>>> print(open('input-v8.pdb').read())   # PDB, C-alpha atoms, pLDDT in the B column
ATOM      1  CA  MET A  20      64.321  73.381 -93.718  1.00 90.00           C
ATOM      2  CA  ALA A  21      63.624  71.487 -96.912  1.00 89.00           C
ATOM      3  CA  LYS A  22      66.006  71.650 -99.859  1.00 92.00           C
ATOM      4  CA  ARG A  23      65.277  71.031-103.503  1.00 92.00           C
ATOM      5  CA  LEU A  24      67.391  68.406-105.277  1.00 92.00           C
ATOM      6  CA  GLN A  25      67.543  68.165-109.043  1.00 94.00           C
ATOM      7  CA  VAL A  26      68.733  64.947-110.643  1.00 93.00           C
ATOM      8  CA  ILE A  27      69.064  64.441-114.380  1.00 96.00           C
ATOM      9  CA  VAL A  28      68.384  60.921-115.673  1.00 96.00           C
ATOM     10  CA  GLN A  29      68.076  59.442-119.130  1.00 97.00           C
ATOM     11  CA  ASP A  30      64.599  58.702-120.506  1.00 97.00           C
ATOM     12  CA  PRO A  31      64.768  54.906-120.032  1.00 96.00           C
ATOM     13  CA  GLU A  32      65.846  55.309-116.402  1.00 97.00           C
ATOM     14  CA  TYR A  33      63.095  57.881-115.810  1.00 97.00           C
ATOM     15  CA  ARG A  34      60.495  55.492-117.183  1.00 97.00           C
ATOM     16  CA  ASP A  35      61.786  52.728-114.870  1.00 97.00           C
ATOM     17  CA  ILE A  36      61.531  55.054-111.874  1.00 97.00           C
ATOM     18  CA  GLN A  37      58.087  56.212-112.979  1.00 97.00           C
ATOM     19  CA  ARG A  38      56.931  52.602-113.290  1.00 97.00           C
ATOM     20  CA  ALA A  39      58.342  51.698-109.861  1.00 97.00           C
ATOM     21  CA  ALA A  40      56.618  54.692-108.257  1.00 97.00           C
ATOM     22  CA  ARG A  41      53.339  53.837-109.930  1.00 97.00           C
ATOM     23  CA  LEU A  42      53.542  50.254-108.623  1.00 97.00           C
ATOM     24  CA  ARG A  43      53.944  51.604-105.085  1.00 96.00           C
ATOM     25  CA  ARG A  44      51.236  54.190-105.681  1.00 97.00           C
ATOM     26  CA  VAL A  45      53.482  57.088-104.709  1.00 97.00           C
ATOM     27  CA  SER A  46      54.765  60.090-106.586  1.00 97.00           C
ATOM     28  CA  ILE A  47      58.136  59.934-108.293  1.00 96.00           C
ATOM     29  CA  ALA A  48      59.454  62.431-105.738  1.00 96.00           C
ATOM     30  CA  GLU A  49      58.310  60.221-102.848  1.00 96.00           C
ATOM     31  CA  TRP A  50      59.779  57.126-104.489  1.00 97.00           C
ATOM     32  CA  VAL A  51      63.134  58.920-104.875  1.00 96.00           C
ATOM     33  CA  ARG A  52      63.031  60.121-101.245  1.00 95.00           C
ATOM     34  CA  GLN A  53      62.393  56.561-100.052  1.00 96.00           C
ATOM     35  CA  ALA A  54      65.176  55.227-102.285  1.00 96.00           C
ATOM     36  CA  LEU A  55      67.594  57.802-100.872  1.00 94.00           C
ATOM     37  CA  VAL A  56      66.654  56.914 -97.283  1.00 93.00           C
ATOM     38  CA  GLN A  57      67.194  53.226 -98.034  1.00 93.00           C
ATOM     39  CA  ALA A  58      70.546  53.949 -99.694  1.00 92.00           C
ATOM     40  CA  ARG A  59      71.718  56.028 -96.701  1.00 88.00           C
ATOM     41  CA  ARG A  60      70.748  53.244 -94.287  1.00 85.00           C
ATOM     42  CA  SER A  61      72.713  50.672 -96.254  1.00 84.00           C
ATOM     43  CA  GLU A  62      75.886  52.782 -96.209  1.00 79.00           C
ATOM     44  CA  PRO A  63      78.249  52.092 -93.339  1.00 71.00           C
ATOM     45  CA  GLY A  64      78.470  55.240 -91.277  1.00 68.00           C
ATOM     46  CA  ARG A  65      81.238  56.742 -89.233  1.00 69.00           C
ATOM     47  CA  GLU A  66      79.615  55.095 -86.223  1.00 81.00           C
ATOM     48  CA  VAL A  67      80.693  51.666 -87.435  1.00 80.00           C
ATOM     49  CA  ALA A  68      84.340  52.710 -87.656  1.00 81.00           C
ATOM     50  CA  SER A  69      84.318  54.220 -84.171  1.00 85.00           C
ATOM     51  CA  LYS A  70      82.651  51.107 -82.722  1.00 85.00           C
ATOM     52  CA  LEU A  71      85.274  48.905 -84.340  1.00 88.00           C
ATOM     53  CA  ASP A  72      88.028  51.111 -82.900  1.00 89.00           C
ATOM     54  CA  VAL A  73      86.583  50.640 -79.409  1.00 89.00           C
ATOM     55  CA  ILE A  74      86.304  46.872 -79.865  1.00 90.00           C
ATOM     56  CA  ARG A  75      89.900  46.673 -81.114  1.00 93.00           C
ATOM     57  CA  ALA A  76      91.126  48.729 -78.148  1.00 92.00           C
ATOM     58  CA  ALA A  77      89.237  46.489 -75.716  1.00 89.00           C
ATOM     59  CA  ALA A  78      90.628  43.359 -77.376  1.00 88.00           C
ATOM     60  CA  ARG A  79      94.163  44.607 -76.677  1.00 90.00           C
ATOM     61  CA  MET A  80      93.433  44.791 -72.935  1.00 89.00           C
ATOM     62  CA  ASP A  81      94.158  42.000 -70.503  1.00 85.00           C
ATOM     63  CA  PHE A  82      91.338  42.132 -67.970  1.00 79.00           C
ATOM     64  CA  PRO A  83      90.954  39.561 -65.209  1.00 79.00           C
ATOM     65  CA  THR A  84      88.040  37.208 -65.654  1.00 80.00           C
ATOM     66  CA  ALA A  85      86.511  34.219 -63.960  1.00 83.00           C
ATOM     67  CA  ASP A  86      85.538  30.789 -65.110  1.00 89.00           C
ATOM     68  CA  ILE A  87      82.456  31.027 -67.343  1.00 91.00           C
ATOM     69  CA  ASP A  88      80.436  28.639 -65.161  1.00 92.00           C
ATOM     70  CA  ARG A  89      81.163  30.761 -62.089  1.00 91.00           C
ATOM     71  CA  MET A  90      80.228  33.978 -63.897  1.00 89.00           C
ATOM     72  CA  LEU A  91      76.940  32.472 -65.048  1.00 91.00           C
ATOM     73  CA  GLU A  92      76.230  31.246 -61.524  1.00 90.00           C
ATOM     74  CA  GLU A  93      76.836  34.744 -60.138  1.00 88.00           C
ATOM     75  CA  ILE A  94      74.558  36.257 -62.781  1.00 88.00           C
ATOM     76  CA  GLU A  95      71.775  33.814 -61.943  1.00 89.00           C
ATOM     77  CA  HIS A  96      72.278  34.523 -58.242  1.00 88.00           C
ATOM     78  CA  GLY A  97      71.903  38.240 -58.987  1.00 86.00           C
ATOM     79  CA  TYR A  98      68.593  37.634 -60.767  1.00 86.00           C
ATOM     80  CA  GLY A  99      67.158  36.006 -57.677  1.00 78.00           C
ATOM     81  CA  SER A 100      68.422  38.609 -55.214  1.00 72.00           C
ATOM     82  CA  GLY A 101      65.551  41.015 -55.842  1.00 69.00           C
ATOM     83  CA  VAL A 102      67.958  43.937 -56.383  1.00 65.00           C
ATOM     84  CA  GLN A 103      66.843  46.181 -59.239  1.00 65.00           C
ATOM     85  CA  PRO A 104      69.457  47.909 -61.410  1.00 58.00           C
TER
END
>>> encode(input="input-v8.pdb", output="C-alpha cells")
Amino acid sequence: MAKRLQVIVQDPEYRDIQRAARLRRVSIAEWVRQALVQARRSEPGREVASKLDVIRAAARMDFPTADIDRMLEEIEHGYGSGVQP
C-alpha cells in the first residue's frame, strides 16, 4: 500500500530540488523518492550491528586450525576431486 508523505521546504530549497529533478528529467516526486532510497541505503542498518556481534563472538573463540599452506593444499586437492558441493 502506498502512503502519501508531505514535506515542507523553503523556497530556495524547493527550487534546488526542482532544478535537480529537471536535470534528471524526472518529476520532483520521483527525484525525492530516489533521494530517499539512496539515503536509506547509505544508513547503516541493524544488520551491520548483528554481523559485527557475530564476528566479535567468533573472534573470542579458540578454534583449532592448520598451517595455511596445508589448508590451501587441501582446498586445491578438493577442487580436483570432482566432488560437487
>>> resolve_selection(input="input-v8.pdb", expression="the PyMOL selection byres ((chain A and resi 24) around 12)", output="PyMOL selection string")
chain A and resi 21-23+25-27+48+51-52+55
>>> atom_distance(input="input-v8.pdb", atom1="atom CA of A:His96", atom2="atom CA of A:Pro83")
20.6 Å
>>> atom_distance(input="input-v8.pdb", atom1="atom CA of A:Gln57", atom2="atom CA of A:Arg75")
29.1 Å
>>> atom_distance(input="input-v8.pdb", atom1="atom CA of A:Arg34", atom2="atom CA of A:Glu49")
15.3 Å
